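What follows is a short report on a single structure.
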Amino acid sequence: MSENRTVWEVFIQSKNGLAHKHVGNVHAEDKIMALENARELYTRRNEGSCIWVVKSKDIISSESEDGEAFFDPSNDKMYRHPTFYTMPEGSKHI
Amino acid sequence: MDNELLNYTLRIADNSLILGQRMSEWCSKGPTLEEDIALSNISLDLFGQANGFYSYASQLDGNKSPDDLAFLRNEREFFNQQIVELENIDFGNTIVRNFLYDSYNFLFYSSLKNSKDDTLSALASKSLKEVKYHLRHSKNWLIRLGDGTEFSKQKVQQSLEDIWQYTHDMFSMDEIDNKMYKLNIGINNSHLKDEWDKIIDETLLEAKLVRPEDGYKAKGGKNGMHTEHLGFLLAEMQFLQRAHPNAKW
Amino acid sequence: MQNNILTMTEEKFQIRIDKEEKIEPKDWMPEGYRKHLIRQISQHAHSEIIGMQPEGNWISRAPSLRAKMILLAKVQDEAGHGLYLYSACETLGISRQELVSQLHSGKAKYSSIFNYPTLSWADMGAIGWLVDGAAIVNQVSLQRTSFGPYSRGMVKICKEESFHQRQGYEIMAQMAKGTSEQKAMAQDALNRFWWPSIMMFGPNDSDSPRTGNAMKWKIKRKTNDELRQEFIDKTVNQAEIIGLTIPDKDLKWNEQRQHYDFGEMDWDEFWNVVNGNGPCNKQRLNHHKKAHDDGQWVREAAKSYAQKQELIAN
């Protein structure tokens with residue numbers, strides 16, 4: 001049984017204005033089928049206004065062992081957050 | 001006129017129900033799980049359409065409920081096209097049958113949505129959206145199978161040859177059709193033929209399949225003349241209603 | 001060692017689990033954890049897929065347009081849920097194809113409940129009410145499972161399944177107050193499906209060797225016996241309301257435990273069915289294999305078409 005089909009990751013935008021969100025995968029031979037299969041599987045209850053499909057193998061992911069190197073360095077850069085700053089007593093709308 | 005309108009509405013409802021029933025037979029048997037879901041979705045659309053048209057028919061009839069109409073009429077009282085009652089046989093055969101019918105059905109609803117009868121027009125508009133998708137589905141699959149492997153090509157070419165004889169009756173006009181057409185309630189089926197030919201020829205070209213020669217032309221579904229397949233379909237579908245006439249479900 | 005960010009020991013993994021952190025596919029995990037997940041998720045997926053058959057058996061005979069649409073939509077959901085679960089399982093590095101071959105070879109199991117035949121329309125009621133009811137008790141607790149993709153799948157499944165049990169109970173209620181024949185069918189369905197349903201939760205905790213790890217890793221959040229008790233406690237009253245009798249003479253409220261006591265399950269039958277000797281084991285697998293085999297030429301054609309299209313595009 002060497003008939004592995006192409007795996008596609010599916011992203012659904014539930015309504016205009018919102019970001020597309022990853023929901024799972026579908027198998028399909030071609031892109032039209034991938035889109036249609038995603039429609040059948042993930043929007044049976046009115047969940048969608050737009051669908052993206054992308055071949056799973058084309059997604060580049062960071063590795064979990066890189067996690068600390070990737071994400072920890074931003075931990076101590078609190079100056080990127082508005083709460084870091086002291087505002088004069090009584091100042092508003094800032 | 002009411003009787004004719006009832007009959008006309010039943011024809012549409014019966015087409016949807018019988019094809020819906022055929023499509024539901026695919027459940028748990030699809031070539032892939034994704035496709036299984038797609039086939040069920042088509043079936044659900046068709047049952048929904050049938051329900052809409054039977055509800056209208058029930059209103060016109062004034063006596064029978066939509067379920068009575070679906071489950072308590074005999075073979076000769078069903079007015080669907082023969083093409084929709086044909087057995088599934090295999091996936092390719094189903095796709096060919098559906099493609100030929102979907103192409104017609106798409107044109108039919110596109111035209112019926114302009115009906116002077118508000119209910120038919122509303123039902124047609126709603127159905128049209130669904131049927132557009134059905135056509136897209138069957139057309140894409142026909143192209144994949146026609147232009148797939150040598151085996152799949154031969155298989156669907158054979159299905160085309162087998163089913164072709166059932167396509168002609170979709171464009172025929174009888175007394176009821178003519179009357180409904182004159183009243184701007186129904187449509188002229190024969191006017192759909194050129195557009196249908198165009199969809200078929202373009203798709204067959206893309207699918208690298210050959211349009212069959214016209215031969216025997218099956219007819220009579222809309223007048224209650226059917227293939228041998230319909231009786232079995234109804235026997236199964238109507239079994240519970242018939243076996244327990246006083247029961248509510 | 002402390003600076004070696006690439007090593008993550010089992011202890012560190014366990015600390016994450018204990019802190020209720022979710023584990024994602026690319027995270028380090030003990031091999032046993034991965035194996036347990038693959039076994040459990042795939043068994044769950046296969047159950048959804050094989051579970052389509054006993055109900056699919058009645059779609060063509062559903063007694064009303066409404067019943068037909070509901071049943072078909074429900075069985076279709078099961079296909080969808082199977083796919084969500086295969087999709088979650090694939091993130092663990094095993095292909096769906098491989099999972100399906102394990103099903104066909106008998107290496108992977110599915111829930112034994114689906115090896116019982118559906119003999120009347122009331123069975124559609126019993127399956128929705130009891131089988132889905134039991135499944136939902138399990139699935140609700142699995143929404144909190146520690147593996148991210150499994151948990152997300154369960155959340156989606158639970159949301160969609162909320163109608164499944166209700167439609168089953170509605171059928172049972174309707175038949176229980178219908179003609180005497182209908183009521184008899186409903187009671188007969190309850191009689192046949194009760195014991196297999198409560199055995200769906202698996203062997204007693206004392207006979208369930210893998211439960212320990214599964215609980216420690218928070219793959220499972222409640223034990224078989226806890227879930228079974230929860231289900232029985234919920235269901236007894238539902239049976240009373242519609243006037244049907246649960247076929248267990250030992251069933252009675254235990255004031256002290258604040259739970260229902262119930263009779264002993266027939267574990268010989270349970271293991272027999274698990275091991276392939278139930279009424280429909282062969283039928284269910286053969287049906288699945290046949291659909292798979294019948295679809296082979298279609299999948300091949302689609303693949304060949306896609307390859308040609310790619311050649312043209314390049």
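Following the order of the structure tokens, chains are lettered A, B, ..., residues in each are numbered from 1, and ligands are numbered from 1.
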
Can you check which parts of chain C lie within 8 Å of chain B? Per residue, the shortest pair of atoms and distance in Å to one decimal, counting only C-alpha atoms, sorted by chain and number, as a tab-separated table.
residue	atom	partner	partner_atom	distance
C:Ile49	CA	B:Ser28	CA	7.8
C:Met52	CA	B:Ser28	CA	6.3
C:Gln53	CA	B:Ser28	CA	6.5
C:Gly56	CA	B:Cys27	CA	6.6
C:Ile59	CA	B:Ser24	CA	7.2
C:Ser60	CA	B:Met237	CA	5.5
C:Arg61	CA	B:Met237	CA	4.7
C:Ala62	CA	B:Met237	CA	7.1
C:Pro63	CA	B:Leu240	CA	5.6
C:Ser64	CA	B:Asp67	CA	5.9
C:Leu65	CA	B:Asp67	CA	6.4
C:Met69	CA	B:Leu44	CA	6.2
C:Leu72	CA	B:Ser40	CA	7.0
C:Ala73	CA	B:Leu44	CA	7.3
C:Val75	CA	B:Cys27	CA	7.9
C:Gln76	CA	B:Ile37	CA	5.8
C:Ala79	CA	B:Leu33	CA	6.6
C:Gly80	CA	B:Ile37	CA	7.2
C:Leu83	CA	B:Leu33	CA	7.4
C:Ile171	CA	B:Trp249	CA	7.3
C:Gln174	CA	B:Trp249	CA	6.5
C:Met175	CA	B:Trp249	CA	6.9
C:Gly178	CA	B:Ala247	CA	6.5
C:Thr179	CA	B:Ala247	CA	6.1
C:Gln182	CA	B:Ala247	CA	7.6
C:His287	CA	B:Lys29	CA	8.0
C:His288	CA	B:Lys29	CA	7.5
C:Ala291	CA	B:Lys29	CA	4.8
C:His292	CA	B:Pro31	CA	6.2
C:Asp294	CA	B:Pro31	CA	6.8
C:Gly295	CA	B:Pro31	CA	3.8
C:Gln296	CA	B:Pro31	CA	7.0
C:Trp297	CA	B:Ser152	CA	6.7
C:Val298	CA	B:Pro31	CA	6.6
C:Arg299	CA	B:Pro31	CA	7.0
C:Glu300	CA	B:Thr149	CA	7.2
C:Ala301	CA	B:Gly148	CA	4.1
C:Ala302	CA	B:Arg144	CA	5.5
C:Lys303	CA	B:Gly148	CA	7.4
C:Ser304	CA	B:Gly148	CA	5.2
C:Tyr305	CA	B:Gly148	CA	4.5
C:Ala306	CA	B:Arg144	CA	8.0

Exercise. Please run DSSP on the backbone and report, as a PyMOL selection string, all residues within region 25-153 of chain C that come out as alpha helix (DSSP H).
Key: chain C and resi 31-50+52-56+65-90+96-105+122-126+132-142+148-153

Practice problem: Do a neighbour search on Gly186 (chain B) at 8 Å with only C-alpha atoms, toss out local chain neighbours closer than 5 positions, and write the hits as a ChimeraX atom specification. | Solution: /B:8,112,115,177,180-181

Restricted to N, CA and C atoms, what would the selected residues look like written as a compact mmCIF listing (two decimals), in the first residue's frame?
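Wrote part.txt, looks like this:
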# COMPACT_ATOMS: atom_id res chain seq x y z
N TYR B 8 -46.38 19.14 -11.77
CA TYR B 8 -45.11 19.76 -12.17
C TYR B 8 -44.15 19.84 -10.98
N LEU B 112 -35.82 28.34 -13.92
CA LEU B 112 -37.02 28.27 -13.06
C LEU B 112 -37.04 29.39 -12.02
N SER B 115 -39.54 31.95 -12.52
CA SER B 115 -40.94 31.54 -12.59
C SER B 115 -41.86 32.60 -12.00
N ASP B 177 -45.91 20.28 -19.22
CA ASP B 177 -44.79 21.21 -19.41
C ASP B 177 -45.23 22.42 -20.24
N MET B 180 -47.57 24.76 -18.28
CA MET B 180 -46.83 25.52 -17.27
C MET B 180 -45.95 26.58 -17.91
N TYR B 181 -45.41 26.21 -19.04
CA TYR B 181 -44.55 27.16 -19.77
C TYR B 181 -45.37 28.36 -20.25

Quiz item: What lies within 12 Å of region 247-259 of chain C using only C-alpha atoms, ignoring chain neighbours under 6 positions off, as JSON, numbers by chain?
Solution: {"C": [187, 188, 189, 190, 191, 192, 193, 194, 195, 196, 198, 226, 228, 229, 230, 231, 232, 233, 234, 235, 236, 237, 239, 265]}

Practice problem: Return as a ChimeraX atom specification the residues belonging to chain A that are within 6 Å of chain C, counting only C-alpha atoms. | Solution: /A:25,29-30,41,64-65

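CA of Asn189 (chain B) sits 21.0 Å away from CA of Thr203 (chain B).
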
Quiz item: Can you list every residue in chain A that DSSP puts in strand (DSSP E or B), as a ChimeraX atom specification?
Solution: /A:7-13,21-27,50-55
